[in-house]
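The data block below is input-v4.txt; it holds compact mmCIF, C-alpha atoms.
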```txt
# COMPACT_ATOMS: atom_id res chain seq x y z
CA MET A 1 -25.47 -0.57 -6.45
CA ASN A 2 -23.59 -1.18 -9.69
CA LYS A 3 -22.38 -4.76 -9.44
CA ASN A 4 -19.14 -4.49 -11.41
CA LEU A 5 -15.79 -2.96 -10.51
CA ILE A 6 -12.86 -3.23 -12.92
CA ILE A 7 -9.44 -2.55 -11.39
CA ARG A 8 -6.58 -1.57 -13.68
CA ALA A 9 -3.31 -1.80 -11.73
CA ASP A 10 0.11 -3.32 -12.45
CA SER A 11 3.00 -4.93 -10.62
CA SER A 12 6.61 -5.46 -11.66
CA LEU A 13 10.07 -5.23 -10.15
CA GLN A 14 10.12 -1.49 -10.90
CA ILE A 15 6.49 -0.73 -10.00
CA GLY A 16 6.39 -2.92 -6.89
CA THR A 17 3.30 -4.58 -5.44
CA GLY A 18 1.73 -1.71 -3.50
CA HIS A 19 -0.76 -0.57 -6.14
CA ILE A 20 -2.29 -4.02 -6.47
CA MET A 21 -2.23 -4.76 -2.74
CA ARG A 22 -4.20 -1.67 -1.80
CA CYS A 23 -6.60 -2.35 -4.67
CA ILE A 24 -7.23 -5.77 -3.18
CA ALA A 25 -8.54 -3.92 -0.11
CA LEU A 26 -10.88 -1.88 -2.32
CA ALA A 27 -11.97 -5.05 -4.12
CA GLN A 28 -12.72 -6.82 -0.82
CA ALA A 29 -14.92 -3.96 0.34
CA TRP A 30 -16.72 -3.96 -3.01
CA GLN A 31 -17.19 -7.73 -2.82
CA ASP A 32 -18.65 -7.38 0.69
CA ARG A 33 -21.48 -5.40 -0.91
CA SER A 34 -22.18 -8.32 -3.27
CA GLY A 35 -20.22 -6.73 -6.10
CA ASN A 36 -18.14 -8.43 -8.77
CA VAL A 37 -14.47 -7.50 -9.26
CA THR A 38 -12.18 -8.01 -12.23
CA PHE A 39 -8.47 -7.16 -12.18
CA LEU A 40 -6.90 -6.12 -15.49
CA SER A 41 -3.21 -6.30 -14.77
CA HIS A 42 0.28 -6.60 -16.07
CA CYS A 43 1.57 -8.65 -13.14
CA ASP A 44 4.94 -10.40 -13.28
CA ASN A 45 4.50 -12.19 -9.97
CA GLU A 46 2.76 -15.55 -9.81
CA THR A 47 2.17 -15.31 -6.03
CA LEU A 48 0.35 -12.01 -6.43
CA ARG A 49 -1.75 -13.31 -9.32
CA LYS A 50 -2.71 -16.31 -7.20
CA ARG A 51 -3.65 -14.02 -4.30
CA ILE A 52 -6.06 -12.12 -6.55
CA ILE A 53 -7.70 -15.29 -7.86
CA ASP A 54 -7.90 -16.92 -4.41
CA GLU A 55 -9.82 -13.85 -3.17
CA GLY A 56 -12.53 -14.72 -5.68
CA PHE A 57 -11.75 -11.94 -8.14
CA ASN A 58 -11.46 -12.36 -11.89
CA PHE A 59 -7.99 -11.85 -13.34
CA ILE A 60 -7.32 -10.82 -16.96
CA PRO A 61 -3.66 -10.33 -17.91
CA ILE A 62 -2.37 -7.29 -19.78
CA ASP A 63 0.71 -8.22 -21.80
CA LYS A 64 2.24 -4.74 -22.07
CA PRO A 65 1.00 -1.82 -19.97
CA HIS A 66 0.31 1.72 -21.16
CA PRO A 67 1.73 3.45 -23.16
CA ALA A 68 1.54 0.25 -25.21
CA PRO A 69 -1.60 0.84 -27.34
CA TYR A 70 -3.11 -2.57 -26.64
CA ASP A 71 -3.57 -1.66 -22.96
CA LEU A 72 -6.27 0.97 -23.50
CA HIS A 73 -7.85 -1.06 -26.30
CA SER A 74 -8.12 -4.14 -24.05
CA THR A 75 -9.50 -2.13 -21.15
CA LEU A 76 -12.23 -0.59 -23.30
CA GLU A 77 -13.11 -4.01 -24.75
CA ILE A 78 -13.56 -5.51 -21.27
CA LEU A 79 -15.62 -2.53 -20.09
CA SER A 80 -17.84 -2.82 -23.16
CA ALA A 81 -18.33 -6.55 -22.74
CA ILE A 82 -19.40 -6.16 -19.11
CA SER A 83 -21.65 -3.21 -19.91
CA HIS A 84 -23.54 -5.24 -22.50
CA GLN A 85 -24.30 -8.17 -20.22
CA PRO A 86 -28.04 -8.51 -19.46
CA SER A 87 -29.22 -6.33 -16.57
CA THR A 88 -25.75 -4.87 -16.05
CA ALA A 89 -25.13 -1.18 -15.58
CA SER A 90 -21.97 0.53 -16.80
CA PRO A 91 -19.09 -0.64 -14.53
CA TRP A 92 -16.75 1.43 -12.43
CA LEU A 93 -13.13 1.44 -13.53
CA ALA A 94 -10.44 2.07 -10.88
CA LEU A 95 -7.02 3.16 -12.17
CA ASP A 96 -4.06 2.87 -9.81
CA GLY A 97 -0.69 3.66 -11.35
CA TYR A 98 1.44 6.66 -12.28
CA HIS A 99 1.59 5.67 -15.95
CA PHE A 100 -2.11 6.26 -16.70
CA THR A 101 -2.02 9.61 -18.50
CA PRO A 102 -4.72 12.28 -18.77
CA ASP A 103 -5.45 11.09 -22.33
CA TYR A 104 -5.93 7.53 -21.06
CA GLN A 105 -8.37 8.77 -18.41
CA LYS A 106 -10.15 11.09 -20.84
CA THR A 107 -10.73 8.25 -23.29
CA ILE A 108 -12.29 6.12 -20.57
CA LYS A 109 -14.61 8.96 -19.60
CA ARG A 110 -15.44 9.81 -23.23
CA ASN A 111 -16.71 6.26 -23.66
CA GLY A 112 -19.19 6.77 -20.84
CA TYR A 113 -17.62 4.83 -17.98
CA LYS A 114 -17.40 5.89 -14.34
CA LEU A 115 -13.80 6.39 -13.32
CA LEU A 116 -12.01 6.26 -9.96
CA VAL A 117 -8.38 7.42 -10.12
CA ILE A 118 -6.10 6.51 -7.20
CA ASP A 119 -3.13 8.86 -7.08
CA ASP A 120 -0.52 9.91 -4.50
CA LEU A 121 1.39 12.64 -6.28
CA ALA A 122 -0.77 15.16 -8.16
CA HIS A 123 1.89 14.85 -10.87
CA LEU A 124 -0.42 15.04 -13.90
CA ASP A 125 -1.54 18.24 -15.61
CA HIS A 126 -5.17 17.19 -15.23
CA TYR A 127 -7.27 14.33 -13.84
CA HIS A 128 -10.38 13.21 -15.72
CA ALA A 129 -12.24 11.28 -13.03
CA ASP A 130 -15.60 11.00 -11.33
CA THR A 131 -13.76 10.31 -8.08
CA LEU A 132 -10.13 10.97 -7.13
CA LEU A 133 -8.63 9.12 -4.16
CA ASN A 134 -5.46 9.98 -2.25
CA GLN A 135 -5.32 8.12 1.07
CA ASN A 136 -2.18 9.81 2.37
CA SER A 137 -1.94 12.25 5.26
CA ASN A 138 -0.50 14.99 3.01
CA ALA A 139 -3.25 14.69 0.37
CA SER A 140 -5.08 17.93 1.19
CA SER A 141 -1.88 19.93 0.66
CA LEU A 142 -1.55 18.81 -2.97
CA ARG A 143 -3.02 20.78 -5.86
CA TYR A 144 -5.08 18.60 -8.17
CA SER A 145 -6.44 19.95 -11.45
CA CYS A 146 -9.64 17.97 -12.00
CA ASP A 147 -12.89 18.02 -13.93
CA ARG A 148 -15.49 20.34 -12.44
CA ASN A 149 -17.62 17.51 -11.02
CA THR A 150 -14.78 15.34 -9.67
CA MET A 151 -15.28 14.25 -6.06
CA LYS A 152 -11.99 14.24 -4.13
CA LEU A 153 -11.46 11.72 -1.34
CA LEU A 154 -8.36 13.01 0.44
CA GLY A 155 -6.70 11.84 3.62
CA CYS A 156 -6.36 8.92 6.00
CA GLU A 157 -10.09 8.43 6.51
CA TYR A 158 -9.90 6.71 3.11
CA VAL A 159 -6.91 4.42 3.77
CA LEU A 160 -7.45 1.13 1.95
CA LEU A 161 -6.80 -1.66 4.45
CA ARG A 162 -7.23 -5.30 3.48
CA LYS A 163 -9.80 -7.37 5.31
CA GLU A 164 -7.25 -9.36 7.31
CA PHE A 165 -6.33 -6.19 9.20
CA LEU A 166 -9.85 -5.26 10.18
CA LYS A 167 -10.22 -8.00 12.81
CA TYR A 168 -7.74 -5.92 14.84
CA ARG A 169 -10.00 -2.86 14.95
CA GLY A 170 -10.04 -1.57 18.52
CA TRP A 171 -7.07 -3.73 19.51
CA ARG A 172 -4.50 -2.20 21.84
CA ARG A 173 -1.00 -3.55 22.08
CA GLN A 174 1.05 -4.07 25.21
CA ILE A 175 4.14 -1.88 25.16
CA PRO A 176 7.20 -3.51 26.78
CA GLU A 177 9.84 -1.58 28.70
CA LYS A 178 12.41 -2.48 26.07
CA ALA A 179 11.52 -3.32 22.48
CA ARG A 180 13.20 -6.49 21.32
CA LYS A 181 10.89 -7.79 18.56
CA ILE A 182 11.74 -6.06 15.29
CA LEU A 183 9.93 -6.35 11.97
CA VAL A 184 11.75 -5.41 8.76
CA THR A 185 9.72 -4.91 5.57
CA MET A 186 10.79 -2.97 2.50
CA GLY A 187 7.86 -3.59 0.17
CA GLY A 188 7.05 -6.23 -2.37
CA SER A 189 10.18 -6.07 -4.53
CA ASP A 190 12.98 -4.04 -2.85
CA PRO A 191 15.00 -3.84 -6.09
CA ASN A 192 17.80 -1.88 -4.38
CA ASN A 193 18.12 -4.42 -1.56
CA VAL A 194 17.63 -1.89 1.22
CA THR A 195 16.73 -4.81 3.50
CA LEU A 196 20.38 -5.90 3.40
CA LYS A 197 21.52 -2.51 4.73
CA VAL A 198 19.00 -2.72 7.56
CA ILE A 199 20.14 -6.22 8.57
CA SER A 200 23.75 -5.05 8.57
CA ALA A 201 22.80 -2.22 10.94
CA LEU A 202 20.91 -4.60 13.21
CA ASN A 203 23.94 -6.87 13.32
CA SER A 204 26.01 -3.92 14.48
CA LEU A 205 23.74 -3.52 17.51
CA ASN A 206 25.25 -6.82 18.67
CA ASP A 207 22.23 -7.59 20.86
CA PRO A 208 21.55 -11.33 21.26
CA ASP A 209 18.21 -10.60 23.00
CA LEU A 210 16.65 -9.34 19.78
CA GLU A 211 14.27 -11.36 17.67
CA VAL A 212 14.01 -10.10 14.09
CA LYS A 213 11.52 -11.07 11.39
CA ILE A 214 12.39 -10.01 7.86
CA VAL A 215 9.65 -9.99 5.23
CA ALA A 216 10.94 -10.47 1.69
CA GLY A 217 8.01 -9.53 -0.54
CA PRO A 218 6.69 -11.68 -3.40
CA ALA A 219 8.86 -9.93 -6.00
CA ASN A 220 12.05 -9.80 -3.89
CA SER A 221 14.97 -11.54 -5.60
CA ASN A 222 17.61 -10.90 -2.92
CA ALA A 223 17.16 -13.98 -0.73
CA ILE A 224 20.71 -15.31 -1.12
CA SER A 225 22.40 -12.07 -0.02
CA LEU A 226 19.94 -11.67 2.88
CA GLU A 227 20.55 -15.20 4.13
CA LYS A 228 24.30 -14.70 3.95
CA GLU A 229 24.13 -11.54 6.08
CA LEU A 230 21.66 -13.07 8.54
CA HIS A 231 23.97 -15.97 9.28
CA LEU A 232 26.34 -13.39 10.78
CA SER A 233 23.60 -12.18 13.15
CA PRO A 234 23.94 -12.58 16.92
CA PHE A 235 20.15 -12.60 17.37
CA THR A 236 17.30 -14.95 16.50
CA PHE A 237 16.03 -14.25 12.99
CA HIS A 238 13.31 -15.43 10.61
CA LEU A 239 13.46 -14.70 6.88
CA LEU A 240 9.89 -14.88 5.61
CA THR A 241 8.71 -15.08 2.00
CA SER A 242 5.22 -15.32 0.49
CA VAL A 243 3.77 -13.89 3.71
CA ASN A 244 0.01 -14.06 4.15
CA ASN A 245 -0.17 -13.11 7.85
CA MET A 246 1.15 -9.55 7.87
CA PRO A 247 -1.33 -8.34 10.55
CA GLU A 248 -0.13 -11.06 12.92
CA LEU A 249 3.50 -10.12 12.25
CA MET A 250 2.72 -6.50 13.03
CA ALA A 251 0.83 -7.51 16.18
CA TRP A 252 3.90 -9.50 17.24
CA SER A 253 6.41 -6.72 16.66
CA ASP A 254 7.47 -4.00 19.08
CA VAL A 255 9.03 -1.75 16.41
CA ALA A 256 9.48 -1.89 12.65
CA VAL A 257 11.87 -0.67 10.00
CA THR A 258 9.90 -0.13 6.81
CA ALA A 259 9.74 1.56 3.45
CA ALA A 260 7.60 4.70 3.62
CA GLY A 261 4.83 3.32 1.38
CA SER A 262 1.35 1.95 2.03
CA THR A 263 2.72 -0.32 4.76
CA CYS A 264 2.95 2.81 6.94
CA TRP A 265 -0.83 2.97 7.17
CA GLU A 266 -1.04 -0.71 8.12
CA LEU A 267 1.56 -0.20 10.84
CA ALA A 268 -0.26 2.90 12.10
CA PHE A 269 -3.54 0.98 12.32
CA MET A 270 -1.77 -1.80 14.24
CA GLY A 271 -0.11 0.65 16.62
CA VAL A 272 3.43 -0.32 15.62
CA THR A 273 6.12 2.33 15.97
CA PRO A 274 8.27 2.29 12.83
CA ILE A 275 11.37 3.92 11.48
CA THR A 276 10.77 4.67 7.81
CA VAL A 277 13.15 4.66 4.86
CA VAL A 278 12.29 6.47 1.63
CA ILE A 279 12.90 4.12 -1.29
CA SER A 280 11.01 5.97 -4.05
CA GLU A 281 10.06 9.53 -4.98
CA ASN A 282 6.37 9.09 -4.17
CA GLN A 283 7.20 8.27 -0.52
CA GLN A 284 9.22 11.38 0.29
CA ASP A 285 6.50 13.88 1.19
CA VAL A 286 4.47 11.40 3.25
CA ALA A 287 7.56 10.37 5.23
CA LYS A 288 8.43 14.00 5.94
CA GLU A 289 4.91 14.82 7.13
CA LEU A 290 4.67 11.80 9.42
CA ASP A 291 8.05 12.71 10.87
CA ARG A 292 7.05 16.35 11.30
CA ASP A 293 3.85 15.31 13.10
CA LYS A 294 5.95 13.04 15.37
CA ILE A 295 3.97 9.94 14.38
CA PHE A 296 6.84 8.07 12.70
CA LYS A 297 10.56 8.68 12.48
CA THR A 298 12.13 8.85 9.03
CA ILE A 299 15.82 8.56 8.22
CA GLY A 300 15.26 9.77 4.67
CA TRP A 301 16.46 8.38 1.35
CA TYR A 302 17.91 4.88 1.34
CA THR A 303 20.84 6.13 -0.78
CA LYS A 304 21.88 8.43 2.06
CA MET A 305 21.00 6.05 4.86
CA SER A 306 23.79 5.92 7.40
CA LYS A 307 24.25 2.73 9.36
CA ASP A 308 25.22 4.79 12.41
CA THR A 309 22.06 6.90 12.14
CA LEU A 310 19.84 3.85 11.89
CA ILE A 311 21.59 2.25 14.87
CA THR A 312 21.18 5.42 16.94
CA GLU A 313 17.49 5.86 16.09
CA LEU A 314 16.68 2.20 16.66
CA SER A 315 18.49 2.09 20.00
CA SER A 316 16.71 5.22 21.19
CA LEU A 317 13.29 3.93 20.13
CA MET A 318 13.83 0.49 21.64
CA GLN A 319 14.73 1.97 25.04
CA ASP A 320 11.97 4.60 25.22
CA LYS A 321 8.68 2.99 26.26
CA GLU A 322 6.88 6.32 26.70
CA LEU A 323 7.77 7.40 23.17
CA ARG A 324 6.54 4.13 21.69
CA GLU A 325 3.28 4.38 23.64
CA ARG A 326 2.67 7.91 22.38
CA LYS A 327 3.43 7.07 18.75
CA SER A 328 1.28 3.95 18.94
CA ARG A 329 -1.73 5.98 20.08
CA LEU A 330 -1.18 8.62 17.40
CA GLY A 331 -0.96 6.00 14.65
CA GLN A 332 -4.16 4.25 15.66
CA LYS A 333 -5.94 7.59 15.91
CA LEU A 334 -4.80 8.46 12.38
CA VAL A 335 -5.98 5.22 10.71
CA ASP A 336 -9.26 3.80 12.04
CA GLY A 337 -9.80 0.94 9.55
CA LYS A 338 -12.96 2.34 7.94
CA GLY A 339 -11.31 3.70 4.79
CA SER A 340 -12.17 0.93 2.30
CA LYS A 341 -15.82 1.02 3.35
CA ASN A 342 -15.85 4.83 3.14
CA VAL A 343 -14.59 4.72 -0.46
CA VAL A 344 -17.09 2.05 -1.55
CA ASP A 345 -19.91 3.98 0.14
CA VAL A 346 -19.05 7.00 -2.03
CA LEU A 347 -18.90 4.95 -5.24
CA ALA A 348 -22.21 3.27 -4.41
CA GLN A 349 -23.86 6.62 -3.70
CA LYS A 350 -22.64 8.05 -7.00
CA CYS A 351 -24.19 5.05 -8.75
CA VAL A 352 -27.52 5.70 -7.03
CA SER A 353 -27.45 9.42 -7.76
CA GLN A 354 -26.85 8.78 -11.45
CA TYR A 355 -30.20 7.01 -11.96
```

For the structure just supplied, provide its representation as structure tokens.
Amino acid sequence: MNKNLIIRADSSLQIGTGHIMRCIALAQAWQDRSGNVTFLSHCDNETLRKRIIDEGFNFIPIDKPHPAPYDLHSTLEILSAISHQPSTASPWLALDGYHFTPDYQKTIKRNGYKLLVIDDLAHLDHYHADTLLNQNSNASSLRYSCDRNTMKLLGCEYVLLRKEFLKYRGWRRQIPEKARKILVTMGGSDPNNVTLKVISALNSLNDPDLEVKIVAGPANSNAISLEKELHLSPFTFHLLTSVNNMPELMAWSDVAVTAAGSTCWELAFMGVTPITVVISENQQDVAKELDRDKIFKTIGWYTKMSKDTLITELSSLMQDKELRERKSRLGQKLVDGKGSKNVVDVLAQKCVSQY
């Protein structure tokens, strides 16, 4: 197997942390096969940078991401340097981000490097990749224009789950008659402070038996407003930052209110029944499909989120044990925890077949 994987993904208040977090799962699976991983990243968040380094991966900062010209130049320089190390084959480059254009991809390929593109939207005119990955349940319905020899990895059998989740493979949760443990997580940054709207709705339930844990991601800057609203709460609450035990929090929870991003697949694997909120364009189709398949319930765009609707849906879900049991089973059937290994197996096989 080729020993080197270069991951090009970014994080900022606007981009969020999801691209890097799922790439950490890919990097862990690669590392498990004795591979070396280097992150090339424009990453504003010190906690996230530390997480990458603590995992044993190399981290090289990118000052300004594409379309800044230095991005592509730096990436090619790093790829060249690794390729010319003694006894080192040409590395794989994984691109995860909506700002990496067809020309960016084409230049990587023209220079002879193997390219994995991770994409959720099929928004580009063309994809120049050896392998294209879309881990979402709606992936097969999208029309991707790709190179003739591009291998497409589409669907939830390729969901990238970090290693800390995998110890829960085969775990089955106990479903209480009434849900009272609620997890709230709106992604790594939550620039529009959707979490505040959710807390306000929970307060309106006026249920002192609830216990609520709110995860404010590493790039969330809304702590003061969240604390102010929480001190009006009739229930027990915990505002958590710099979380490194997300699987345990999901195992603890009875239901969740979450953004409709990659966290959905983690919740599905853990058998948690969530209500999803769409906070960005790339989440809309996935949320609709999961709702249509009766796996999750979505209340749509955060801008149109009604407090009354959220209260009604939460109350109904909390009271309905049979519904939560059914959705829990469907989620765990959808995401089996083998996705990261499946992706690395494909990349390793393509390395073997090349020589």

| Option closest in space to Phe100 in chain A, from A:Ile6, A:Leu72, A:Ala260, A:Leu26 [counting only C-alpha atoms] |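 Using only C-alpha atoms, Phe100 in chain A sits closest to A:Leu72.
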
| Counting only C-alpha atoms, what is within 9 Å of range 142-156 of chain A, bar same-chain residues fewer than 3 positions away, as a list of chain:residue names? |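 Result of the neighbour search: A:Leu121, A:Ala122, A:His123, A:Leu124, A:Asp125, A:His126, A:Tyr127, A:His128, A:Ala129, A:Asp130, A:Thr131, A:Leu132, A:Leu133, A:Asn134, A:Gln135, A:Asn136, A:Ser137, A:Asn138, A:Ala139, A:Val159, A:Leu160, A:Trp265, A:Leu334, A:Val335, A:Asp336, A:Gly339, A:Val343, A:Val346.
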
Pull the neighbourhood of (11.4, -3.6, 1.9) for me: all residues within 9 Å in file coordinates, counting all atoms listed in the file, as a PDB file with C-alpha atoms, keeping the file's coordinate frame.
```pdb
ATOM      1  CA  VAL A 184      11.750  -5.410   8.760  1.00  0.00           C
ATOM      2  CA  THR A 185       9.720  -4.910   5.570  1.00  0.00           C
ATOM      3  CA  MET A 186      10.790  -2.970   2.500  1.00  0.00           C
ATOM      4  CA  GLY A 187       7.860  -3.590   0.170  1.00  0.00           C
ATOM      5  CA  GLY A 188       7.050  -6.230  -2.370  1.00  0.00           C
ATOM      6  CA  SER A 189      10.180  -6.070  -4.530  1.00  0.00           C
ATOM      7  CA  ASP A 190      12.980  -4.040  -2.850  1.00  0.00           C
ATOM      8  CA  PRO A 191      15.000  -3.840  -6.090  1.00  0.00           C
ATOM      9  CA  ASN A 193      18.120  -4.420  -1.560  1.00  0.00           C
ATOM     10  CA  VAL A 194      17.630  -1.890   1.220  1.00  0.00           C
ATOM     11  CA  THR A 195      16.730  -4.810   3.500  1.00  0.00           C
ATOM     12  CA  ILE A 214      12.390 -10.010   7.860  1.00  0.00           C
ATOM     13  CA  VAL A 215       9.650  -9.990   5.230  1.00  0.00           C
ATOM     14  CA  ALA A 216      10.940 -10.470   1.690  1.00  0.00           C
ATOM     15  CA  GLY A 217       8.010  -9.530  -0.540  1.00  0.00           C
ATOM     16  CA  ASN A 220      12.050  -9.800  -3.890  1.00  0.00           C
ATOM     17  CA  VAL A 257      11.870  -0.670  10.000  1.00  0.00           C
ATOM     18  CA  THR A 258       9.900  -0.130   6.810  1.00  0.00           C
ATOM     19  CA  ALA A 259       9.740   1.560   3.450  1.00  0.00           C
ATOM     20  CA  VAL A 277      13.150   4.660   4.860  1.00  0.00           C
ATOM     21  CA  ILE A 279      12.900   4.120  -1.290  1.00  0.00           C
TER      22      ILE A 279
END
```

| request: Could you jot down the CA of Phe57 in chain A to CA of Arg110 in chain A separation for me, Å, one decimal place? | output: 26.7 Å

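Relative to CA of Gly18 in chain A, CA of Glu248 in chain A is found at 19.0 Å.
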
| field | Length of the CA of Trp92 in chain A to CA of Leu40 in chain A vector [Å] | value |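 Value for the CA of Trp92 in chain A-CA of Leu40 in chain A distance: 12.8 Å.
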
Surrounding residues of range 291-293 of chain A excluding itself and chain neighbours under 3 positions, 12 Å, only C-alpha atoms, as a PDB file with C-alpha atoms, in the coordinates of the input:
```pdb
ATOM      1  CA  SER A 137      -1.940  12.250   5.260  1.00  0.00           C
ATOM      2  CA  ASN A 138      -0.500  14.990   3.010  1.00  0.00           C
ATOM      3  CA  ALA A 260       7.600   4.700   3.620  1.00  0.00           C
ATOM      4  CA  CYS A 264       2.950   2.810   6.940  1.00  0.00           C
ATOM      5  CA  THR A 273       6.120   2.330  15.970  1.00  0.00           C
ATOM      6  CA  PRO A 274       8.270   2.290  12.830  1.00  0.00           C
ATOM      7  CA  ILE A 275      11.370   3.920  11.480  1.00  0.00           C
ATOM      8  CA  THR A 276      10.770   4.670   7.810  1.00  0.00           C
ATOM      9  CA  VAL A 277      13.150   4.660   4.860  1.00  0.00           C
ATOM     10  CA  VAL A 278      12.290   6.470   1.630  1.00  0.00           C
ATOM     11  CA  GLN A 284       9.220  11.380   0.290  1.00  0.00           C
ATOM     12  CA  ASP A 285       6.500  13.880   1.190  1.00  0.00           C
ATOM     13  CA  VAL A 286       4.470  11.400   3.250  1.00  0.00           C
ATOM     14  CA  ALA A 287       7.560  10.370   5.230  1.00  0.00           C
ATOM     15  CA  LYS A 288       8.430  14.000   5.940  1.00  0.00           C
ATOM     16  CA  PHE A 296       6.840   8.070  12.700  1.00  0.00           C
ATOM     17  CA  LYS A 297      10.560   8.680  12.480  1.00  0.00           C
ATOM     18  CA  THR A 298      12.130   8.850   9.030  1.00  0.00           C
ATOM     19  CA  ILE A 299      15.820   8.560   8.220  1.00  0.00           C
ATOM     20  CA  GLY A 300      15.260   9.770   4.670  1.00  0.00           C
ATOM     21  CA  ARG A 326       2.670   7.910  22.380  1.00  0.00           C
ATOM     22  CA  LYS A 327       3.430   7.070  18.750  1.00  0.00           C
ATOM     23  CA  LEU A 330      -1.180   8.620  17.400  1.00  0.00           C
ATOM     24  CA  GLY A 331      -0.960   6.000  14.650  1.00  0.00           C
ATOM     25  CA  LEU A 334      -4.800   8.460  12.380  1.00  0.00           C
TER      26      LEU A 334
END
```

List as a tab-separated table every residue of range 104-141 of chain A that is in contact with range 75-84 of chain A, defined as an atom at most 9 Å from one of its atoms (using only C-alpha atoms), together with the nearest atom pair and the distance in Å rounded to one decimal, sorted by chain and then rising number.
```
residue	atom	partner	partner_atom	distance
A:Thr107	CA	A:Leu76	CA	9.0
A:Ile108	CA	A:Leu76	CA	7.2
A:Asn111	CA	A:Leu76	CA	8.2
A:Tyr113	CA	A:Leu79	CA	7.9
```

Here's a test: counting all atoms listed in the file, identify every protein, DNA and RNA residue with an atom at most 9 Å from (17.4, -1.4, 14.3) in the file's coordinate frame, and state them as a PDB file with C-alpha atoms, in the frame of the given file.
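Wrote it out as out_10.pdb, contents follow:
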```
ATOM      1  CA  ILE A 182      11.740  -6.060  15.290  1.00  0.00           C
ATOM      2  CA  VAL A 184      11.750  -5.410   8.760  1.00  0.00           C
ATOM      3  CA  VAL A 198      19.000  -2.720   7.560  1.00  0.00           C
ATOM      4  CA  ILE A 199      20.140  -6.220   8.570  1.00  0.00           C
ATOM      5  CA  ALA A 201      22.800  -2.220  10.940  1.00  0.00           C
ATOM      6  CA  LEU A 202      20.910  -4.600  13.210  1.00  0.00           C
ATOM      7  CA  ASN A 203      23.940  -6.870  13.320  1.00  0.00           C
ATOM      8  CA  SER A 204      26.010  -3.920  14.480  1.00  0.00           C
ATOM      9  CA  LEU A 205      23.740  -3.520  17.510  1.00  0.00           C
ATOM     10  CA  VAL A 255       9.030  -1.750  16.410  1.00  0.00           C
ATOM     11  CA  ALA A 256       9.480  -1.890  12.650  1.00  0.00           C
ATOM     12  CA  VAL A 257      11.870  -0.670  10.000  1.00  0.00           C
ATOM     13  CA  ILE A 275      11.370   3.920  11.480  1.00  0.00           C
ATOM     14  CA  LEU A 310      19.840   3.850  11.890  1.00  0.00           C
ATOM     15  CA  ILE A 311      21.590   2.250  14.870  1.00  0.00           C
ATOM     16  CA  THR A 312      21.180   5.420  16.940  1.00  0.00           C
ATOM     17  CA  GLU A 313      17.490   5.860  16.090  1.00  0.00           C
ATOM     18  CA  LEU A 314      16.680   2.200  16.660  1.00  0.00           C
ATOM     19  CA  SER A 315      18.490   2.090  20.000  1.00  0.00           C
ATOM     20  CA  LEU A 317      13.290   3.930  20.130  1.00  0.00           C
ATOM     21  CA  MET A 318      13.830   0.490  21.640  1.00  0.00           C
TER      22      MET A 318
END
```

| task | Find the spatial neighbours of Ala29 in chain A, counting only C-alpha atoms, within a cut-off of 9 Å - ignore same-chain residues fewer than 6 positions away - and output them as a list of chain:residue names. | result |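 Near neighbours after the sequence-gap exclusion: A:Gly35, A:Arg162, A:Lys163, A:Ser340, A:Lys341, A:Val343, A:Val344.
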
| message | Which residues are close to Gln31 in chain A, i.e. within 10 Å by only C-alpha atoms, leaving aside same-chain residues fewer than 3 positions away? Reply as number ranges by chain. | response | A: 3-5, 25-28, 34-37, 55-57, 344

| request: Excluding Asp320 in chain A and any residue of its chain fewer than 2 positions from it, enumerate the residues within 10 Å of it, using only C-alpha atoms, and give them as number ranges by chain. | output: A: 176-179, 315-318, 322-325

How about saving the chosen residues, C-alpha atoms kept, as a short mmCIF file (atom, residue, chain, number, x, y, z; two decimals), keeping the file's coordinate frame?
```cif
data_model
loop_
_atom_site.label_atom_id
_atom_site.label_comp_id
_atom_site.auth_asym_id
_atom_site.auth_seq_id
_atom_site.Cartn_x
_atom_site.Cartn_y
_atom_site.Cartn_z
CA PRO A 176 7.20 -3.51 26.78
CA GLU A 177 9.84 -1.58 28.70
CA LYS A 178 12.41 -2.48 26.07
CA ALA A 179 11.52 -3.32 22.48
CA SER A 315 18.49 2.09 20.00
CA SER A 316 16.71 5.22 21.19
CA LEU A 317 13.29 3.93 20.13
CA MET A 318 13.83 0.49 21.64
CA GLU A 322 6.88 6.32 26.70
CA LEU A 323 7.77 7.40 23.17
CA ARG A 324 6.54 4.13 21.69
CA GLU A 325 3.28 4.38 23.64
#
```

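Residue nearest Thr303 in chain A, chosen from A:Phe39, A:Asn192, A:Gln332, A:Ser221 and counting all atoms listed in the file: A:Asn192.
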
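Closest approach to Met305 in chain A among A:Lys350, A:Leu13, A:Lys197, A:Glu266: A:Lys197, based on all atoms listed in the file.
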